Amino acid sequence: MPAKRTDVSHRTLRELADHGRWLAVSTVTQSKAGHIGGPLSAMDLLVTLFFDELRIRPEEPDWPERDRFILSKGHSAIGLYAVMALRGYFPVEEVATFDKGDSRLQGHPDMTRLPGLDASTGSLGQGLSVGLGMALGARLAGRDPRTWVLLGDGEVQEGMVWEAVHTAARYRLGNLIAVVDCNGLQQYGWPAGTDDRGDRRDPWAGIALGPVFDAFGWRVHEFDGHDYDAIGAAFAFARDGAAGQRPTVLLARTTKGRGLSFAEGRHVWHTGNATPDQLARARTELGIDDSIDDSIREGIDDGGAA
Amino acid sequence: MKAMREVWGRTLTEVGQTDPRVVLLDGDLANSTKADIFAEGLPDRFLQLGIAEQNLVGTAAGLSTMGYVPWLSSFTVFFTHRALDPIRMLVAQTGANVKIAAAYSGLLTGLTGKTHQDVQDLAIMRAMPGMVVLAPGDAAECAAMVRWATDHDGPVYLRLARDPAPELGMVPADDYTDGAVHVVRPGRRVVLVSTGVQTVRVLEAADLLAASGVDAGVVHVPCLKPLDDRRLLDAVGAASLVVTVEEHTVLGGLGGLVAEVLGEHGTGARVHRVGLRDVWGESAPNDFLLDRYGLSGPRVAEAVRAALA
Ligand SMILES: Cc1ncc(C[n+]2csc(CCOP(=O)(O)OP(=O)(O)O)c2C)c(N)n1
Ligand SMILES: [Mg+2]
C-alpha cells in the first residue's frame with residue numbers, strides 16, 4: 001500500500017525550497033567548503049520530489065516499498081540534506097554538522113552513514129546504473145517502487161550514463177525515471193558563446209538532449225525546473241509511464257545558483273563561500289525572516305552561525 | 001607556503017611557451033587543478049574534454065602518437081580509479097608519452113570525503129610497468145619535476161597536493177634528477193622515510209622527537225619508481241628502526257616499497273609503516289584528518305615512540 005502523501009500547497013513548496021536554499025548556502029559558508037550552484041538549481045525539484053512525489057516514510061527510511069531516489073550529482077549533497085532534514089529524516093540542527101568530523105552528512109552522500117540515502121555517489125556518472133539495478137530488481141520481484149535518479153547536465157557527458165541509458169531501454173524499464181538538472185553550466189567547461197545562458201558554454205551546446213534520449217527509446221519531457229506547475233506536470237508524466245515499457249527522462253531547464261542574484265548563471269559559484277555581506281543578501285533574497293516556523297528557524301540560525 | 005597546484009599550472013604554462021609539443025587536456029576541473037592558468041596563457045593548446053575521464057586518457061594516448069606531449073588535468077581519483085584501464089592499456093602498456101597530473105591526492109582534498117580522497121594511487125601506479133611515479137615534497141620540487149617529466153620520453157604520474165604546504169627548503173629540488181633520494185636530516189638508529197608533502201610533517205615529528213631526546217633522521221623519497229635500491233639503502237644507513245610515513249594506505253605504497261627493498265637486501269632493520277591502515281577516509285577539516293589517521297607531526301612522533309617502546 002502506498003504511503004500517505006504529504007499534502008502541501010504550491011506556495012508551501014516554494015517556501016520550503018527557499019528555506020532549503022538558505023540552509024544549503026549558510027551551511028556551506030560556515031564550513032568554508034562545498035557546492036552552491038548545483039544544490040540551488042536542483043532545490044525546487046528536490047523539494048517537490050520529497051514533499052509531493054516520492055512514496056517514502058521518513059520515520060521508516062528503509063521501508064522496503066519506498067520509491068528509490070539517487071542523487072547521482074552527489075556534489076549537491078547539501079541540497080539533499082537540507083530537504084531531508086525539512087522532510088523529517090533528521091533534525092534540522094544536524095545540517096550544521098555537514099563536512100565536520102564524524103558527521104553522517106559527508107561531503108558526498110554516504111549510504112553507509114545516513115539512513116534514507118539509497119546510494120553513495122560523488123564520482124559523477126554512476127547513479128543511473130545503480131538506479132537501473134534497482135528498477136530491474138523491483139521488476140524482477142514484481143514490486144511497485146519507482147526509481148528516480150537526479151543527474152547534472154555536465155554529468156551526462158560521462159560515458160557510463162549512456163551505457164545505462166542503452167540498457168534501461170533494452171530492458172523496457174518504465175519504472176526508471178531520470179531527471180536531468182539542465183542548469184546550463186558544469187564546473188569549468190568551455191568559454192561562453194553568444195547563445196549561452198550562463199557565463200560559460202552550455203554542457204550540451206549545439207546538441208539537443210531530448211531527441212538523443214528519444215532515439216535511445218526513452219520517453220522525454222522538457223520543462224521549467226523552477227515552475228511548480230510545470231514540475232508537477234512533469235512528475236505526473238513520469239508517473240504515467242511507470243507501468244509502461246519505456247524509461248522516462250525529465251529534462252528540467254534550471255538556473256545554476258537559482259535564488260541568489262549574485263550567483264545565478266555564474267560558474268564560479270559552482271562552489272564558493274559567501275562573504276558576510278553576500279550571506280545577508282542571500283537571507284533577504286530568499287525571504288528568510290522570523291515568520292519561519294520555530295523548528296526550521298532554529299536550525300537555520302545554527303547553520304548560519306560563525 | 002606555496003600551493004603546489006598553482007606552481008604546477010604556472011610552470012607548465014612556462015614550459016608550454018617554449019615547447020610547442022605541450023598540450024593540456026582537462027576533465028572539467030581546470031579551475032580546481034589550476035590548469036586554468038594554462039588555459040588563459042595558451043588557449044589554443046588547452047583542450048577541454050568535459051566530464052569523461054576515460055575518453056580524456058584515450059585522447060591523450062592518440063595525441064602522443066602525433067608528436068604531442070599531453071599533460072592531463074583531473075582529480076587523482078578519477079585517473080587512478082575511473083580511468084585506470086585506459087591508463088593501463090593505452091598509456092602504460094604502450095609507453096605513451098603522456099603525463100598525468102594527479103591533483104587532489106591523498107586525504108587532504110578539501111572536505112570532499114572518501115569518494116574523492118585517493119589513498120591507493122601510489123600502490124596502483126607502482127604496480128604499473130613502465131610508469132614513472134613522482135610525489136614532490138614542495139612547490140619547488142614540483143616545478144622541477146614538471147620540467148623533467150616533459151623532457152622524459154614515456155608515461156609519468158605526478159602526485160600533487162591540493163593545499164599550500166611549507167617549502168622543504170633543504171632539498172635541492174629545483175634541479176630534480178631522475179630517481180633522487182634525499183637525506184633531509186641525518187640520523188643513525190632511527191630513520192623516518194616519507195614522500196610527497198608528508199615529508200614536511202615528518203620533519204616536524206623529528207623536531208618533536210629531538211626535543212624529547214630521540215634522534216631521528218628523515219629521508220625524502222620523491223620518486224617511488226623507478227627506484228635505485230642502492231640510494232635508498234645508503235640513505236637509511238645502519239638504522240635499526242625505519243618508520244615509513246605516507247598520506248596513503250600502508251599497503252603497497254611507500255611502506256611497501258621500503259619494506260620490499262630492505263627485506264630483500266637483508267638489512268635486518270625493522271620497518272614500521274605509518275599511514276591509513278586499510279580504511280577509507282571521510283570528509284572533515286585537514287587537522288582533524290591528520291590527527292585521526294596519525295599523520296600530523298605529533299601523531300607521527302607518537303608512533304615512533306611507540307615503535308621504540
Ligand atoms: C567522475 C567525476 N569527474 C569529475 C568530478 C568533479 N566535478 C564535480 S561537480 C563537476 C561539474 C558537474 O557539472 P553538472 O553535472 O552540470 O552539475 P551542476 O551544474 O548541477 O553542479 C565536476 C567536474 C566528479 N565529481 N566526478
Ligand atoms: Mg550543470
# chains A, B, ... in the order shown; residues from 1 in each chain; ligands from 1
$ select_by_dssp --residues "stretch 53-175 of chain B" --states "alpha helix (DSSP H)" --output "PyMOL selection string"
chain B and resi 53-65+76-77+84-86+121-126+139-151
$ closest_atom_pairs --of "chain B" --to "ligand 2" --cutoff "12 Å" --atoms "only C-alpha atoms and all ligand atoms" --output "JSON lines"
{"residue": "B:Asp28", "atom": "CA", "partner": "ligand 2", "partner_atom_place_in_ligand_line": "1 (Mg)", "distance": 11.4}
{"residue": "B:Gly50", "atom": "CA", "partner": "ligand 2", "partner_atom_place_in_ligand_line": "1 (Mg)", "distance": 11.7}
{"residue": "B:Ile51", "atom": "CA", "partner": "ligand 2", "partner_atom_place_in_ligand_line": "1 (Mg)", "distance": 11.0}
$ write_last_selection --atoms "N, CA, C and O atoms" --output "mmCIF file, in the first residue's frame"
data_model
loop_
_atom_site.group_PDB
_atom_site.id
_atom_site.type_symbol
_atom_site.label_atom_id
_atom_site.label_comp_id
_atom_site.auth_asym_id
_atom_site.auth_seq_id
_atom_site.Cartn_x
_atom_site.Cartn_y
_atom_site.Cartn_z
ATOM 1 N N ASP B 28 37.219 18.915 -17.015
ATOM 2 C CA ASP B 28 36.287 19.865 -16.376
ATOM 3 C C ASP B 28 36.665 20.206 -14.936
ATOM 4 O O ASP B 28 35.791 20.338 -14.072
ATOM 5 N N GLY B 50 35.687 17.696 -21.155
ATOM 6 C CA GLY B 50 34.439 17.501 -20.417
ATOM 7 C C GLY B 50 34.579 16.471 -19.303
ATOM 8 O O GLY B 50 35.685 16.043 -18.957
ATOM 9 N N ILE B 51 33.429 16.090 -18.752
ATOM 10 C CA ILE B 51 33.431 15.152 -17.624
ATOM 11 C C ILE B 51 33.403 13.741 -18.195
ATOM 12 O O ILE B 51 32.354 13.120 -18.336
#
$ closest_residue --among "B:Leu160, B:Leu42, B:Ala52, B:Leu108" --to "ligand 1" --atoms "only C-alpha atoms and all ligand atoms"
B:Ala52
$ interface_residues --of "chain B" --to "chain A" --cutoff "8 Å" --atoms "only C-alpha atoms" --output "PDB file with N, CA, C and O atoms, in the first residue's frame"
ATOM      1  N   ASP B  28      37.219  18.915 -17.015  1.00  0.00           N
ATOM      2  CA  ASP B  28      36.287  19.865 -16.376  1.00  0.00           C
ATOM      3  C   ASP B  28      36.665  20.206 -14.936  1.00  0.00           C
ATOM      4  O   ASP B  28      35.791  20.338 -14.072  1.00  0.00           O
ATOM      5  N   LEU B  29      37.941  20.333 -14.667  1.00  0.00           N
ATOM      6  CA  LEU B  29      38.348  20.707 -13.313  1.00  0.00           C
ATOM      7  C   LEU B  29      39.446  21.757 -13.309  1.00  0.00           C
ATOM      8  O   LEU B  29      40.137  21.956 -12.315  1.00  0.00           O
ATOM      9  N   ALA B  30      39.629  22.453 -14.440  1.00  0.00           N
ATOM     10  CA  ALA B  30      40.775  23.350 -14.586  1.00  0.00           C
ATOM     11  C   ALA B  30      40.834  24.424 -13.506  1.00  0.00           C
ATOM     12  O   ALA B  30      41.926  24.809 -13.077  1.00  0.00           O
ATOM     13  N   ASN B  31      39.671  24.895 -13.037  1.00  0.00           N
ATOM     14  CA  ASN B  31      39.742  25.942 -12.011  1.00  0.00           C
ATOM     15  C   ASN B  31      40.031  25.370 -10.624  1.00  0.00           C
ATOM     16  O   ASN B  31      40.351  26.116  -9.704  1.00  0.00           O
ATOM     17  N   GLN B  48      39.469  21.064 -23.666  1.00  0.00           N
ATOM     18  CA  GLN B  48      38.507  20.682 -22.627  1.00  0.00           C
ATOM     19  C   GLN B  48      37.785  19.422 -23.099  1.00  0.00           C
ATOM     20  O   GLN B  48      37.039  19.460 -24.068  1.00  0.00           O
ATOM     21  N   GLY B  50      35.687  17.696 -21.155  1.00  0.00           N
ATOM     22  CA  GLY B  50      34.439  17.501 -20.417  1.00  0.00           C
ATOM     23  C   GLY B  50      34.579  16.471 -19.303  1.00  0.00           C
ATOM     24  O   GLY B  50      35.685  16.043 -18.957  1.00  0.00           O
ATOM     25  N   ILE B  51      33.429  16.090 -18.752  1.00  0.00           N
ATOM     26  CA  ILE B  51      33.431  15.152 -17.624  1.00  0.00           C
ATOM     27  C   ILE B  51      33.403  13.741 -18.195  1.00  0.00           C
ATOM     28  O   ILE B  51      32.354  13.120 -18.336  1.00  0.00           O
ATOM     29  N   ALA B  52      34.560  13.245 -18.580  1.00  0.00           N
ATOM     30  CA  ALA B  52      34.655  11.971 -19.295  1.00  0.00           C
ATOM     31  C   ALA B  52      36.112  11.514 -19.251  1.00  0.00           C
ATOM     32  O   ALA B  52      36.860  11.666 -20.212  1.00  0.00           O
ATOM     33  N   GLU B  53      36.517  10.970 -18.105  1.00  0.00           N
ATOM     34  CA  GLU B  53      37.933  10.755 -17.855  1.00  0.00           C
ATOM     35  C   GLU B  53      38.555   9.645 -18.688  1.00  0.00           C
ATOM     36  O   GLU B  53      39.739   9.701 -19.025  1.00  0.00           O
ATOM     37  N   PHE B  78      40.051  10.221 -10.179  1.00  0.00           N
ATOM     38  CA  PHE B  78      39.396   9.959 -11.459  1.00  0.00           C
ATOM     39  C   PHE B  78      40.384   9.433 -12.501  1.00  0.00           C
ATOM     40  O   PHE B  78      39.979   8.890 -13.524  1.00  0.00           O
ATOM     41  N   GLY B 110      40.034  18.916   0.527  1.00  0.00           N
ATOM     42  CA  GLY B 110      39.049  19.983   0.654  1.00  0.00           C
ATOM     43  C   GLY B 110      37.661  19.504   1.044  1.00  0.00           C
ATOM     44  O   GLY B 110      36.681  19.852   0.388  1.00  0.00           O
ATOM     45  N   LEU B 111      37.565  18.742   2.104  1.00  0.00           N
ATOM     46  CA  LEU B 111      36.273  18.350   2.688  1.00  0.00           C
ATOM     47  C   LEU B 111      35.383  17.551   1.749  1.00  0.00           C
ATOM     48  O   LEU B 111      34.165  17.571   1.866  1.00  0.00           O
ATOM     49  N   THR B 112      35.987  16.834   0.838  1.00  0.00           N
ATOM     50  CA  THR B 112      35.163  16.102  -0.121  1.00  0.00           C
ATOM     51  C   THR B 112      34.775  14.713   0.365  1.00  0.00           C
ATOM     52  O   THR B 112      33.766  14.170  -0.049  1.00  0.00           O
ATOM     53  N   GLY B 113      35.622  14.114   1.208  1.00  0.00           N
ATOM     54  CA  GLY B 113      35.289  12.798   1.739  1.00  0.00           C
ATOM     55  C   GLY B 113      35.908  11.648   0.969  1.00  0.00           C
ATOM     56  O   GLY B 113      36.675  11.836   0.026  1.00  0.00           O
ATOM     57  N   THR B 115      34.964   9.598  -1.217  1.00  0.00           N
ATOM     58  CA  THR B 115      34.784   9.418  -2.657  1.00  0.00           C
ATOM     59  C   THR B 115      35.907  10.091  -3.446  1.00  0.00           C
ATOM     60  O   THR B 115      36.268   9.641  -4.519  1.00  0.00           O
ATOM     61  N   HIS B 116      36.433  11.165  -2.912  1.00  0.00           N
ATOM     62  CA  HIS B 116      37.435  11.944  -3.642  1.00  0.00           C
ATOM     63  C   HIS B 116      38.852  11.757  -3.100  1.00  0.00           C
ATOM     64  O   HIS B 116      39.820  12.070  -3.779  1.00  0.00           O
ATOM     65  N   GLU B 282      37.283  10.103   5.234  1.00  0.00           N
ATOM     66  CA  GLU B 282      35.968  10.720   5.467  1.00  0.00           C
ATOM     67  C   GLU B 282      36.118  12.218   5.226  1.00  0.00           C
ATOM     68  O   GLU B 282      37.243  12.718   5.135  1.00  0.00           O
ATOM     69  N   SER B 283      34.989  12.938   5.158  1.00  0.00           N
ATOM     70  CA  SER B 283      35.135  14.386   4.990  1.00  0.00           C
ATOM     71  C   SER B 283      35.239  15.061   6.345  1.00  0.00           C
ATOM     72  O   SER B 283      34.412  14.829   7.227  1.00  0.00           O
ATOM     73  N   ALA B 284      36.253  15.872   6.496  1.00  0.00           N
ATOM     74  CA  ALA B 284      36.497  16.603   7.733  1.00  0.00           C
ATOM     75  C   ALA B 284      37.630  17.592   7.466  1.00  0.00           C
ATOM     76  O   ALA B 284      38.362  17.446   6.486  1.00  0.00           O
ATOM     77  N   PRO B 285      37.754  18.597   8.315  1.00  0.00           N
ATOM     78  CA  PRO B 285      38.859  19.553   8.142  1.00  0.00           C
ATOM     79  C   PRO B 285      40.227  18.856   8.219  1.00  0.00           C
ATOM     80  O   PRO B 285      40.363  17.800   8.860  1.00  0.00           O
ATOM     81  N   PHE B 288      41.748  17.675  11.577  1.00  0.00           N
ATOM     82  CA  PHE B 288      41.021  16.511  12.091  1.00  0.00           C
ATOM     83  C   PHE B 288      41.524  15.238  11.410  1.00  0.00           C
ATOM     84  O   PHE B 288      41.808  14.232  12.056  1.00  0.00           O
ATOM     85  N   LEU B 289      41.650  15.301  10.089  1.00  0.00           N
ATOM     86  CA  LEU B 289      42.048  14.111   9.327  1.00  0.00           C
ATOM     87  C   LEU B 289      43.478  13.690   9.663  1.00  0.00           C
ATOM     88  O   LEU B 289      43.761  12.509   9.858  1.00  0.00           O
TER      89      LEU B 289
END
$ closest_residue --among "B:Arg185, B:His220, B:Arg273, B:Arg201" --to "B:Leu290" --atoms "only C-alpha atoms"
B:Arg201
$ closest_residue --among "B:Ala83, B:Val250, B:Ala92, B:Leu158" --to "ligand 1" --atoms "only C-alpha atoms and all ligand atoms"
B:Ala83
$ atom_distance --atom1 "atom CA of A:Thr48" --atom2 "atom CA of A:His226"
10.3 Å
$ residues_around --residues "B:Arg270" --least-positions-apart "6" --cutoff "8 Å" --atoms "only C-alpha atoms" --output "number ranges by chain"
B: 240-242
$ write_last_selection --atoms "N, CA, C and O atoms" --output "PDB file, in the first residue's frame"
ATOM      1  N   SER B 240      68.362   0.830  12.851  1.00  0.00           N
ATOM      2  CA  SER B 240      67.726  -0.426  13.254  1.00  0.00           C
ATOM      3  C   SER B 240      66.203  -0.317  13.182  1.00  0.00           C
ATOM      4  O   SER B 240      65.512  -1.309  13.078  1.00  0.00           O
ATOM      5  N   LEU B 241      65.701   0.926  13.247  1.00  0.00           N
ATOM      6  CA  LEU B 241      64.254   1.136  13.081  1.00  0.00           C
ATOM      7  C   LEU B 241      64.015   2.122  11.936  1.00  0.00           C
ATOM      8  O   LEU B 241      64.502   3.254  11.975  1.00  0.00           O
ATOM      9  N   VAL B 242      63.286   1.676  10.935  1.00  0.00           N
ATOM     10  CA  VAL B 242      62.915   2.545   9.823  1.00  0.00           C
ATOM     11  C   VAL B 242      61.394   2.705   9.854  1.00  0.00           C
ATOM     12  O   VAL B 242      60.660   1.719   9.800  1.00  0.00           O
TER      13      VAL B 242
END
$ select_by_dssp --residues "stretch 119-285 of chain A" --states "strand (DSSP E)" --output "NGL selection string"
:A and (147-152 or 176-182 or 219-224 or 248-253)
$ residues_around --residues "A:Phe69" --least-positions-apart "2" --cutoff "9 Å" --atoms "only C-alpha atoms" --output "list of chain:residue names"
A:Leu54, A:Asp67, A:Leu71, A:Leu117, A:Asp118, A:Ala119, A:Gly131, A:Arg146, A:Thr147, A:Trp148, A:Val149, A:Leu150
$ write_last_selection --atoms "N, CA, C and O atoms" --output "PDB file, in the first residue's frame"
ATOM      1  N   LEU A  54       7.625  11.424  -4.080  1.00  0.00           N
ATOM      2  CA  LEU A  54       8.177  10.121  -3.692  1.00  0.00           C
ATOM      3  C   LEU A  54       7.303   9.454  -2.638  1.00  0.00           C
ATOM      4  O   LEU A  54       6.851  10.101  -1.691  1.00  0.00           O
ATOM      5  N   ASP A  67       9.729   4.393  -2.808  1.00  0.00           N
ATOM      6  CA  ASP A  67      10.371   4.753  -4.067  1.00  0.00           C
ATOM      7  C   ASP A  67      11.843   4.988  -3.772  1.00  0.00           C
ATOM      8  O   ASP A  67      12.212   5.491  -2.701  1.00  0.00           O
ATOM      9  N   LEU A  71      20.761  10.647  -5.759  1.00  0.00           N
ATOM     10  CA  LEU A  71      21.333  11.925  -6.182  1.00  0.00           C
ATOM     11  C   LEU A  71      22.641  11.599  -6.905  1.00  0.00           C
ATOM     12  O   LEU A  71      23.705  11.550  -6.304  1.00  0.00           O
ATOM     13  N   LEU A 117      19.471   7.442   2.566  1.00  0.00           N
ATOM     14  CA  LEU A 117      20.193   7.547   1.296  1.00  0.00           C
ATOM     15  C   LEU A 117      20.167   6.178   0.633  1.00  0.00           C
ATOM     16  O   LEU A 117      20.610   5.189   1.229  1.00  0.00           O
ATOM     17  N   ASP A 118      19.676   6.125  -0.586  1.00  0.00           N
ATOM     18  CA  ASP A 118      19.580   4.833  -1.264  1.00  0.00           C
ATOM     19  C   ASP A 118      20.857   4.456  -2.005  1.00  0.00           C
ATOM     20  O   ASP A 118      21.007   3.320  -2.441  1.00  0.00           O
ATOM     21  N   ALA A 119      21.770   5.413  -2.181  1.00  0.00           N
ATOM     22  CA  ALA A 119      23.016   5.109  -2.886  1.00  0.00           C
ATOM     23  C   ALA A 119      24.111   6.066  -2.436  1.00  0.00           C
ATOM     24  O   ALA A 119      23.828   7.164  -1.963  1.00  0.00           O
ATOM     25  N   GLY A 131      20.491   3.014 -10.313  1.00  0.00           N
ATOM     26  CA  GLY A 131      19.038   3.113 -10.460  1.00  0.00           C
ATOM     27  C   GLY A 131      18.499   2.032 -11.391  1.00  0.00           C
ATOM     28  O   GLY A 131      17.439   1.443 -11.145  1.00  0.00           O
ATOM     29  N   ARG A 146       9.160   2.879  -7.659  1.00  0.00           N
ATOM     30  CA  ARG A 146       9.758   3.542  -8.814  1.00  0.00           C
ATOM     31  C   ARG A 146      11.146   4.028  -8.398  1.00  0.00           C
ATOM     32  O   ARG A 146      11.384   4.294  -7.223  1.00  0.00           O
ATOM     33  N   THR A 147      12.027   4.154  -9.359  1.00  0.00           N
ATOM     34  CA  THR A 147      13.370   4.638  -9.052  1.00  0.00           C
ATOM     35  C   THR A 147      13.610   5.954  -9.773  1.00  0.00           C
ATOM     36  O   THR A 147      13.454   6.040 -10.999  1.00  0.00           O
ATOM     37  N   TRP A 148      13.982   6.968  -9.007  1.00  0.00           N
ATOM     38  CA  TRP A 148      14.238   8.310  -9.535  1.00  0.00           C
ATOM     39  C   TRP A 148      15.729   8.619  -9.398  1.00  0.00           C
ATOM     40  O   TRP A 148      16.315   8.411  -8.322  1.00  0.00           O
ATOM     41  N   VAL A 149      16.329   9.107 -10.456  1.00  0.00           N
ATOM     42  CA  VAL A 149      17.755   9.445 -10.415  1.00  0.00           C
ATOM     43  C   VAL A 149      17.925  10.883 -10.897  1.00  0.00           C
ATOM     44  O   VAL A 149      17.463  11.232 -11.990  1.00  0.00           O
ATOM     45  N   LEU A 150      18.560  11.703 -10.072  1.00  0.00           N
ATOM     46  CA  LEU A 150      18.791  13.103 -10.450  1.00  0.00           C
ATOM     47  C   LEU A 150      20.238  13.281 -10.909  1.00  0.00           C
ATOM     48  O   LEU A 150      21.181  13.000 -10.156  1.00  0.00           O
TER      49      LEU A 150
END
$ residues_around --residues "stretch 279-282 of chain A" --least-positions-apart "5" --cutoff "8 Å" --atoms "only C-alpha atoms" --output "ChimeraX atom specification"
/A:22,25-26,259-260,274
$ write_last_selection --atoms "all heavy atoms" --output "short mmCIF file (atom, residue, chain, number, x, y, z; two decimals), in the first residue's frame"
data_model
loop_
_atom_site.label_atom_id
_atom_site.label_comp_id
_atom_site.auth_asym_id
_atom_site.auth_seq_id
_atom_site.Cartn_x
_atom_site.Cartn_y
_atom_site.Cartn_z
N TRP A 22 18.49 28.40 1.80
CA TRP A 22 19.19 29.13 2.87
C TRP A 22 20.02 28.17 3.72
O TRP A 22 21.17 28.44 4.06
CB TRP A 22 18.18 29.90 3.73
CG TRP A 22 18.82 30.49 4.95
CD1 TRP A 22 18.63 30.11 6.24
CD2 TRP A 22 19.80 31.54 4.97
NE1 TRP A 22 19.43 30.86 7.08
CE2 TRP A 22 20.15 31.74 6.33
CE3 TRP A 22 20.42 32.31 3.98
CZ2 TRP A 22 21.10 32.70 6.72
CZ3 TRP A 22 21.36 33.26 4.38
CH2 TRP A 22 21.68 33.45 5.73
N VAL A 25 23.15 27.29 1.64
CA VAL A 25 24.13 28.37 1.48
C VAL A 25 24.80 28.70 2.81
O VAL A 25 26.02 28.84 2.90
CB VAL A 25 23.44 29.63 0.90
CG1 VAL A 25 24.41 30.81 0.92
CG2 VAL A 25 22.97 29.37 -0.50
N SER A 26 24.00 28.79 3.86
CA SER A 26 24.59 29.17 5.15
C SER A 26 25.50 28.06 5.67
O SER A 26 26.55 28.32 6.26
CB SER A 26 23.50 29.52 6.16
OG SER A 26 22.57 28.47 6.27
N GLY A 259 18.21 31.70 -7.11
CA GLY A 259 17.75 32.29 -5.85
C GLY A 259 18.71 33.33 -5.28
O GLY A 259 18.33 34.13 -4.46
N LEU A 260 19.97 33.27 -5.70
CA LEU A 260 20.95 34.26 -5.24
C LEU A 260 21.36 35.11 -6.43
O LEU A 260 22.02 34.62 -7.34
CB LEU A 260 22.19 33.59 -4.65
CG LEU A 260 21.98 32.59 -3.52
CD1 LEU A 260 23.34 32.18 -2.94
CD2 LEU A 260 21.10 33.17 -2.43
N ALA A 274 30.15 32.49 0.55
CA ALA A 274 29.59 33.82 0.52
C ALA A 274 30.31 34.69 1.54
O ALA A 274 30.69 34.21 2.62
CB ALA A 274 28.09 33.76 0.82
#
$ residues_around --residues "A:Ala192" --least-positions-apart "2" --cutoff "12 Å" --atoms "only C-alpha atoms" --output "PyMOL selection string"
chain A and resi 184-186+188-190+194-205+265-267
$ write_last_selection --atoms "N, CA, C and O atoms" --output "mmCIF file, in the first residue's frame"
data_model
loop_
_atom_site.group_PDB
_atom_site.id
_atom_site.type_symbol
_atom_site.label_atom_id
_atom_site.label_comp_id
_atom_site.auth_asym_id
_atom_site.auth_seq_id
_atom_site.Cartn_x
_atom_site.Cartn_y
_atom_site.Cartn_z
ATOM 1 N N GLY A 184 22.714 24.477 -17.431
ATOM 2 C CA GLY A 184 23.487 25.188 -18.445
ATOM 3 C C GLY A 184 24.951 25.417 -18.124
ATOM 4 O O GLY A 184 25.658 26.058 -18.898
ATOM 5 N N LEU A 185 25.400 24.893 -16.993
ATOM 6 C CA LEU A 185 26.812 25.059 -16.626
ATOM 7 C C LEU A 185 27.346 23.774 -16.013
ATOM 8 O O LEU A 185 26.598 23.012 -15.405
ATOM 9 N N GLN A 186 28.624 23.544 -16.158
ATOM 10 C CA GLN A 186 29.314 22.492 -15.424
ATOM 11 C C GLN A 186 30.341 23.188 -14.533
ATOM 12 O O GLN A 186 30.084 24.316 -14.104
ATOM 13 N N TYR A 188 33.869 23.946 -15.143
ATOM 14 C CA TYR A 188 34.735 24.885 -15.857
ATOM 15 C C TYR A 188 34.322 24.970 -17.327
ATOM 16 O O TYR A 188 34.017 26.033 -17.824
ATOM 17 N N GLY A 189 34.296 23.850 -18.003
ATOM 18 C CA GLY A 189 33.768 23.798 -19.358
ATOM 19 C C GLY A 189 34.526 24.645 -20.359
ATOM 20 O O GLY A 189 35.746 24.773 -20.287
ATOM 21 N N TRP A 190 33.767 25.239 -21.274
ATOM 22 C CA TRP A 190 34.337 25.998 -22.379
ATOM 23 C C TRP A 190 33.904 27.466 -22.271
ATOM 24 O O TRP A 190 32.885 27.758 -21.640
ATOM 25 N N THR A 194 27.591 33.177 -27.736
ATOM 26 C CA THR A 194 26.619 34.269 -27.607
ATOM 27 C C THR A 194 25.249 33.769 -27.145
ATOM 28 O O THR A 194 24.456 34.525 -26.605
ATOM 29 N N ASP A 195 24.978 32.478 -27.361
ATOM 30 C CA ASP A 195 23.646 31.954 -27.059
ATOM 31 C C ASP A 195 23.584 31.229 -25.714
ATOM 32 O O ASP A 195 22.614 30.532 -25.430
ATOM 33 N N ASP A 196 24.607 31.360 -24.883
ATOM 34 C CA ASP A 196 24.604 30.620 -23.626
ATOM 35 C C ASP A 196 23.850 31.347 -22.529
ATOM 36 O O ASP A 196 23.805 32.566 -22.486
ATOM 37 N N ARG A 197 23.273 30.568 -21.625
ATOM 38 C CA ARG A 197 22.517 31.149 -20.521
ATOM 39 C C ARG A 197 23.440 31.584 -19.394
ATOM 40 O O ARG A 197 23.165 32.515 -18.660
ATOM 41 N N GLY A 198 24.545 30.878 -19.198
ATOM 42 C CA GLY A 198 25.489 31.205 -18.147
ATOM 43 C C GLY A 198 26.730 31.881 -18.706
ATOM 44 O O GLY A 198 26.805 32.175 -19.899
ATOM 45 N N ASP A 199 27.722 32.106 -17.836
ATOM 46 C CA ASP A 199 28.929 32.804 -18.279
ATOM 47 C C ASP A 199 29.979 31.854 -18.870
ATOM 48 O O ASP A 199 31.094 32.274 -19.174
ATOM 49 N N ARG A 200 29.642 30.561 -18.999
ATOM 50 C CA ARG A 200 30.460 29.605 -19.747
ATOM 51 C C ARG A 200 29.527 28.836 -20.680
ATOM 52 O O ARG A 200 28.305 28.967 -20.593
ATOM 53 N N ARG A 201 30.108 28.000 -21.517
ATOM 54 C CA ARG A 201 29.345 27.281 -22.534
ATOM 55 C C ARG A 201 28.403 26.263 -21.891
ATOM 56 O O ARG A 201 28.770 25.606 -20.910
ATOM 57 N N ASP A 202 27.222 26.112 -22.466
ATOM 58 C CA ASP A 202 26.292 25.071 -22.022
ATOM 59 C C ASP A 202 26.956 23.691 -22.242
ATOM 60 O O ASP A 202 27.560 23.467 -23.283
ATOM 61 N N PRO A 203 26.841 22.790 -21.260
ATOM 62 C CA PRO A 203 27.482 21.471 -21.418
ATOM 63 C C PRO A 203 27.048 20.747 -22.692
ATOM 64 O O PRO A 203 27.782 19.910 -23.204
ATOM 65 N N TRP A 204 25.865 21.057 -23.211
ATOM 66 C CA TRP A 204 25.365 20.375 -24.406
ATOM 67 C C TRP A 204 25.106 21.358 -25.540
ATOM 68 O O TRP A 204 24.219 21.120 -26.379
ATOM 69 N N ALA A 205 25.863 22.430 -25.577
ATOM 70 C CA ALA A 205 25.674 23.432 -26.628
ATOM 71 C C ALA A 205 25.666 22.766 -28.000
ATOM 72 O O ALA A 205 26.553 21.971 -28.316
ATOM 73 N N GLY A 265 23.794 31.830 -12.793
ATOM 74 C CA GLY A 265 24.428 31.770 -14.106
ATOM 75 C C GLY A 265 25.926 32.024 -14.097
ATOM 76 O O GLY A 265 26.529 32.211 -15.144
ATOM 77 N N ARG A 266 26.531 32.022 -12.900
ATOM 78 C CA ARG A 266 27.975 32.294 -12.837
ATOM 79 C C ARG A 266 28.717 31.039 -12.387
ATOM 80 O O ARG A 266 28.510 30.534 -11.283
ATOM 81 N N HIS A 267 29.633 30.582 -13.250
ATOM 82 C CA HIS A 267 30.255 29.281 -12.990
ATOM 83 C C HIS A 267 31.119 29.270 -11.729
ATOM 84 O O HIS A 267 31.310 28.225 -11.130
#
$ closest_residue --among "A:Pro145, A:Pro115, A:Pro91, A:Gly79" --to "ligand 1" --atoms "only C-alpha atoms and all ligand atoms"
A:Gly79
